[in-house]
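Asks: Following this line is entry35.pdb, made up of PDB, C-alpha atoms, pLDDT in the B column:
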ATOM      1  CA  GLN A   1      10.741  -1.085 -17.095  1.00 91.00           C
ATOM      2  CA  VAL A   2       8.416  -1.914 -14.213  1.00 90.00           C
ATOM      3  CA  ARG A   3       7.247   1.078 -12.214  1.00 93.00           C
ATOM      4  CA  LEU A   4       5.067   1.413  -9.135  1.00 97.00           C
ATOM      5  CA  VAL A   5       4.078   5.014  -8.512  1.00 97.00           C
ATOM      6  CA  GLU A   6       2.335   5.967  -5.286  1.00 97.00           C
ATOM      7  CA  SER A   7       0.252   9.072  -4.786  1.00 97.00           C
ATOM      8  CA  GLY A   8      -2.264  10.503  -2.347  1.00 98.00           C
ATOM      9  CA  GLY A   9      -0.114  11.068   0.695  1.00 97.00           C
ATOM     10  CA  GLY A  10      -0.071  14.299   2.625  1.00 97.00           C
ATOM     11  CA  LEU A  11      -0.734  16.019   5.913  1.00 98.00           C
ATOM     12  CA  VAL A  12      -4.028  15.345   7.675  1.00 98.00           C
ATOM     13  CA  GLN A  13      -5.415  15.906  11.148  1.00 98.00           C
ATOM     14  CA  ALA A  14      -6.125  13.010  13.451  1.00 98.00           C
ATOM     15  CA  GLY A  15      -9.483  11.486  12.635  1.00 98.00           C
ATOM     16  CA  GLY A  16      -9.201  12.420   8.992  1.00 98.00           C
ATOM     17  CA  SER A  17      -8.976  10.275   5.882  1.00 98.00           C
ATOM     18  CA  LEU A  18      -6.669   9.776   2.944  1.00 98.00           C
ATOM     19  CA  ARG A  19      -6.731   7.493  -0.061  1.00 98.00           C
ATOM     20  CA  LEU A  20      -3.443   6.260  -1.431  1.00 98.00           C
ATOM     21  CA  SER A  21      -3.063   5.009  -4.975  1.00 98.00           C
ATOM     22  CA  CYS A  22      -0.370   2.882  -6.560  1.00 98.00           C
ATOM     23  CA  ALA A  23      -0.281   2.746 -10.331  1.00 98.00           C
ATOM     24  CA  ALA A  24       1.737  -0.056 -11.865  1.00 97.00           C
ATOM     25  CA  SER A  25       3.195  -0.119 -15.359  1.00 94.00           C
ATOM     26  CA  GLU A  26       4.968  -2.764 -17.423  1.00 93.00           C
ATOM     27  CA  ILE A  27       3.705  -5.510 -15.154  1.00 94.00           C
ATOM     28  CA  ASN A  28       1.243  -8.384 -15.443  1.00 95.00           C
ATOM     29  CA  PHE A  29      -0.725  -6.720 -12.673  1.00 96.00           C
ATOM     30  CA  SER A  30      -3.439  -9.302 -12.157  1.00 96.00           C
ATOM     31  CA  MET A  31      -0.846 -11.976 -11.393  1.00 96.00           C
ATOM     32  CA  TYR A  32       0.706 -10.041  -8.504  1.00 97.00           C
ATOM     33  CA  ALA A  33      -0.342  -9.839  -4.917  1.00 98.00           C
ATOM     34  CA  MET A  34      -0.366  -6.151  -4.047  1.00 98.00           C
ATOM     35  CA  GLY A  35       0.481  -4.722  -0.695  1.00 98.00           C
ATOM     36  CA  TRP A  36       1.007  -1.541   1.250  1.00 98.00           C
ATOM     37  CA  TYR A  37       3.816  -1.295   3.751  1.00 98.00           C
ATOM     38  CA  ARG A  38       4.912   1.592   5.907  1.00 98.00           C
ATOM     39  CA  GLN A  39       8.084   2.718   7.555  1.00 98.00           C
ATOM     40  CA  ALA A  40       8.322   5.328  10.257  1.00 96.00           C
ATOM     41  CA  PRO A  41      11.621   6.955  11.260  1.00 91.00           C
ATOM     42  CA  GLY A  42      13.696   4.606  13.376  1.00 94.00           C
ATOM     43  CA  LYS A  43      11.278   1.726  12.908  1.00 96.00           C
ATOM     44  CA  GLN A  44      11.234  -1.375  10.761  1.00 97.00           C
ATOM     45  CA  ARG A  45       9.125  -1.585   7.642  1.00 97.00           C
ATOM     46  CA  GLU A  46       5.812  -3.242   8.414  1.00 98.00           C
ATOM     47  CA  LEU A  47       2.971  -4.693   6.415  1.00 98.00           C
ATOM     48  CA  VAL A  48      -0.143  -2.545   6.499  1.00 98.00           C
ATOM     49  CA  ALA A  49      -2.444  -4.374   4.105  1.00 98.00           C
ATOM     50  CA  ARG A  50      -2.183  -6.907   1.348  1.00 98.00           C
ATOM     51  CA  MET A  51      -4.528  -8.206  -1.322  1.00 98.00           C
ATOM     52  CA  GLY A  52      -3.910 -11.432  -3.165  1.00 96.00           C
ATOM     53  CA  THR A  53      -4.781 -12.181  -6.747  1.00 95.00           C
ATOM     54  CA  GLY A  54      -7.992 -13.849  -5.624  1.00 93.00           C
ATOM     55  CA  GLY A  55      -9.092 -10.886  -3.570  1.00 93.00           C
ATOM     56  CA  GLY A  56      -8.155 -12.212  -0.160  1.00 97.00           C
ATOM     57  CA  THR A  57      -6.913  -9.542   2.230  1.00 98.00           C
ATOM     58  CA  THR A  58      -4.590  -9.291   5.198  1.00 98.00           C
ATOM     59  CA  TYR A  59      -4.366  -6.320   7.544  1.00 98.00           C
ATOM     60  CA  ALA A  60      -2.100  -5.332  10.353  1.00 98.00           C
ATOM     61  CA  ASP A  61      -3.964  -5.452  13.647  1.00 98.00           C
ATOM     62  CA  SER A  62      -3.304  -1.764  14.160  1.00 97.00           C
ATOM     63  CA  VAL A  63      -5.294  -0.762  11.073  1.00 98.00           C
ATOM     64  CA  LYS A  64      -8.124  -3.310  11.043  1.00 98.00           C
ATOM     65  CA  GLY A  65     -11.476  -1.592  10.798  1.00 98.00           C
ATOM     66  CA  ARG A  66      -9.899   1.678   9.702  1.00 98.00           C
ATOM     67  CA  PHE A  67      -8.025   0.891   6.474  1.00 98.00           C
ATOM     68  CA  THR A  68      -9.279  -0.871   3.356  1.00 98.00           C
ATOM     69  CA  ILE A  69      -7.195  -2.161   0.479  1.00 98.00           C
ATOM     70  CA  PHE A  70      -8.739  -2.680  -2.932  1.00 97.00           C
ATOM     71  CA  ARG A  71      -7.503  -3.069  -6.471  1.00 97.00           C
ATOM     72  CA  ASP A  72      -8.668  -2.303  -9.978  1.00 96.00           C
ATOM     73  CA  ASN A  73      -6.999  -4.748 -12.347  1.00 96.00           C
ATOM     74  CA  ALA A  74      -8.335  -2.883 -15.372  1.00 96.00           C
ATOM     75  CA  LYS A  75      -6.421   0.208 -14.242  1.00 97.00           C
ATOM     76  CA  ASN A  76      -3.378  -1.639 -12.881  1.00 97.00           C
ATOM     77  CA  THR A  77      -3.913   0.231  -9.641  1.00 98.00           C
ATOM     78  CA  VAL A  78      -4.165  -0.678  -5.979  1.00 98.00           C
ATOM     79  CA  TYR A  79      -5.620   1.654  -3.383  1.00 98.00           C
ATOM     80  CA  LEU A  80      -5.490   2.081   0.356  1.00 98.00           C
ATOM     81  CA  GLN A  81      -8.409   3.902   1.925  1.00 98.00           C
ATOM     82  CA  MET A  82      -7.347   5.158   5.323  1.00 98.00           C
ATOM     83  CA  ASN A  83      -9.980   6.422   7.752  1.00 98.00           C
ATOM     84  CA  SER A  84      -9.833   7.540  11.369  1.00 98.00           C
ATOM     85  CA  LEU A  85      -6.159   8.297  11.003  1.00 98.00           C
ATOM     86  CA  LYS A  86      -4.011   8.505  14.098  1.00 98.00           C
ATOM     87  CA  PRO A  87      -0.654  10.215  14.684  1.00 97.00           C
ATOM     88  CA  GLU A  88       0.943   6.765  14.961  1.00 97.00           C
ATOM     89  CA  ASP A  89      -0.029   6.148  11.327  1.00 98.00           C
ATOM     90  CA  THR A  90       2.579   8.720  10.306  1.00 98.00           C
ATOM     91  CA  ALA A  91       5.086   7.034   7.996  1.00 98.00           C
ATOM     92  CA  VAL A  92       6.250   6.619   4.439  1.00 98.00           C
ATOM     93  CA  TYR A  93       3.824   4.262   2.734  1.00 98.00           C
ATOM     94  CA  LEU A  94       5.230   1.983   0.084  1.00 98.00           C
ATOM     95  CA  CYS A  95       3.510  -0.079  -2.551  1.00 98.00           C
ATOM     96  CA  ASN A  96       4.640  -3.658  -3.148  1.00 98.00           C
ATOM     97  CA  ALA A  97       3.952  -6.108  -5.949  1.00 98.00           C
ATOM     98  CA  HIS A  98       4.779  -9.747  -5.352  1.00 97.00           C
ATOM     99  CA  TRP A  99       4.455 -12.851  -7.520  1.00 95.00           C
ATOM    100  CA  ALA A 100       5.777 -15.671  -5.393  1.00 90.00           C
ATOM    101  CA  LEU A 101       5.628 -18.342  -8.093  1.00 92.00           C
ATOM    102  CA  ILE A 102       8.283 -16.628 -10.209  1.00 91.00           C
ATOM    103  CA  LEU A 103      10.095 -14.900  -7.344  1.00 93.00           C
ATOM    104  CA  SER A 104       9.227 -11.478  -8.713  1.00 94.00           C
ATOM    105  CA  GLU A 105       8.857  -8.464  -6.455  1.00 96.00           C
ATOM    106  CA  TYR A 106       8.804  -4.723  -6.955  1.00 97.00           C
ATOM    107  CA  TRP A 107       8.610  -1.662  -4.694  1.00 98.00           C
ATOM    108  CA  GLY A 108       7.467   1.860  -5.222  1.00 97.00           C
ATOM    109  CA  GLN A 109       9.329   4.917  -3.995  1.00 96.00           C
ATOM    110  CA  GLY A 110       6.817   5.675  -1.269  1.00 97.00           C
ATOM    111  CA  THR A 111       4.520   8.514  -0.306  1.00 98.00           C
ATOM    112  CA  GLN A 112       4.628  10.393   2.987  1.00 98.00           C
ATOM    113  CA  VAL A 113       1.615  10.359   5.275  1.00 98.00           C
ATOM    114  CA  THR A 114       1.711  12.691   8.245  1.00 98.00           C
ATOM    115  CA  VAL A 115      -1.088  12.744  10.811  1.00 98.00           C
ATOM    116  CA  SER A 116      -1.111  15.662  13.215  1.00 97.00           C
ATOM    117  CA  SER A 117      -2.653  15.475  16.673  1.00 94.00           C
TER     118      SER A 117
END
Please go through the file and, once you have read it, give me the structure as structure tokens.

Replies:
Amino acid sequence: QVRLVESGGGLVQAGGSLRLSCAASEINFSMYAMGWYRQAPGKQRELVARMGTGGGTTYADSVKGRFTIFRDNAKNTVYLQMNSLKPEDTAVYLCNAHWALILSEYWGQGTQVTVSS
């Protein structure tokens, strides 16, 4: 059974940093594009950062220069380093695995990030 398990969320003051991790199991990890999304109360889910199988990255404009996504295929894990956090970054952060060629996609349960002002 495929599982994506996020960790690393928590409460941090504005300007602080957090590193999120997403560990994947029972998945051909290197074949999946990995992404981080977030959803704040009353708002739509939005893409935060995404890394393709070739290492190419995409970031939301709101996090460019502050967040970095990277992956370790040997550990089946994708990370999101978040620096200079702002209160508007407060949300549940969800890990996503996507293999477009075979129409395969999985989601984690999410981890809460709360940034206080």

Asks: List the residues matched by the PyMOL selection byres ((chain A and resi 114) around 6) in the displayed structure as a PyMOL selection string, ordered by chain and then by residue number.

Replies: chain A and resi 11+90+113+115

Asks: Can you spell out as an MDAnalysis selection string the set of residues that the PyMOL selection byres ((chain A and resi 9) around 12) selects in the structure I just provided?

Replies: chainID A and resid 5:8 10:12 17:22 38 79:82 89:94 110:115

Asks: Kindly give the distance, in Å, that separates CA of Thr68 in chain A and CA of Asn83 in chain A, rounded to a single decimal.

Replies: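 Separation between CA of Thr68 in chain A and CA of Asn83 in chain A: 8.5 Å.
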
Asks: Tell me, as a count of residues only, which residues lie within 10 Å of Ser84 in chain A, counting all atoms listed in the file; anything in the same chain fewer than 5 positions away does not count.

Replies: 11

Asks: Separation of CA of Gln39 in chain A and CA of Tyr59 in chain A, in Å?

Replies: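 Pair CA of Gln39 in chain A / CA of Tyr59 in chain A returns 15.4 Å.
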
Asks: Starting from the displayed file, determine the output of the PyMOL selection byres ((chain A and resi 32) around 8) and express the residue list as a list in words.

Replies: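 Residues picked by the PyMOL selection byres ((chain A and resi 32) around 8): Asn28, Phe29, Ser30, Met31, Ala33, Met34, Gly52, Thr53, Ala97, His98 and Trp99 of chain A.
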
Asks: From the list A:Pro41, A:Gly108, A:Pro87, A:Gly35, which residue is nearest Ala60 in chain A when using all atoms listed in the file?

Replies: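 Once distances to Ala60 in chain A are computed over all atoms listed in the file, the minimum belongs to A:Gly35.
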
Asks: Would you list the contacts of Trp36 in chain A as JSON, numbers by chain, taking every protein, DNA or RNA residue within 6 Å and counting only C-alpha atoms, but skipping same-chain residues closer than 3 positions in sequence?

Replies: {"A": [48, 49, 94, 95]}

Asks: Quick one: residues within 8 Å of Leu4 in chain A, all atoms listed in the file, excluding same-chain residues fewer than 6 positions away - as a compact mmCIF listing (two decimals) with C-alpha atoms, keeping the file's coordinate frame?

Replies:
# COMPACT_ATOMS: atom_id res chain seq x y z
CA CYS A 22 -0.37 2.88 -6.56
CA ALA A 23 -0.28 2.75 -10.33
CA ALA A 24 1.74 -0.06 -11.86
CA SER A 25 3.20 -0.12 -15.36
CA CYS A 95 3.51 -0.08 -2.55
CA ASN A 96 4.64 -3.66 -3.15
CA TYR A 106 8.80 -4.72 -6.96
CA TRP A 107 8.61 -1.66 -4.69
CA GLY A 108 7.47 1.86 -5.22
CA GLN A 109 9.33 4.92 -4.00

Asks: In Å, how far is it from CA of Thr77 in chain A to CA of Gln44 in chain A?

Replies: 25.5 Å

Asks: From the options A:Ile27, A:Ile102, A:Lys86, A:Met51, which residue's atoms come nearest to Arg71 in chain A, counting only C-alpha atoms?

Replies: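 Of A:Ile27, A:Ile102, A:Lys86, A:Met51, the one nearest Arg71 in chain A is A:Met51, counting only C-alpha atoms.
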
Asks: Check the smallest atom-to-atom distance from each of A:Ile69, A:Leu85, A:Glu26, A:Arg45 to Val2 in chain A using all atoms listed in the file, then report the winner.

Replies: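 Looking only at the distances to Val2 in chain A, the closest residue turns out to be A:Glu26.
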
Asks: If I wrap all listed atoms of range 82-92 of chain A in a box with edges along x, y and z and add 6 Å on each side, what are its centre and edge lengths in Å to one decimal, as lines of an AutoDock Vina configuration file?

Replies:
center_x = -1.9
center_y = 7.7
center_z = 9.7
size_x = 28.2
size_y = 17.1
size_z = 22.5

Asks: Rank A:Lys43, A:Lys75, A:Arg3, A:Lys64 by their smallest atom-to-atom distance to Glu105 in chain A, using all atoms listed in the file, and report the top residue only.

Replies: A:Arg3

Asks: Which residue, A:Ala100, A:Glu46, A:Gln1, A:Thr58, has the smallest gap to Phe70 in chain A when you use all atoms listed in the file?

Replies: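 Nearest candidate to Phe70 in chain A out of A:Ala100, A:Glu46, A:Gln1, A:Thr58: A:Thr58.
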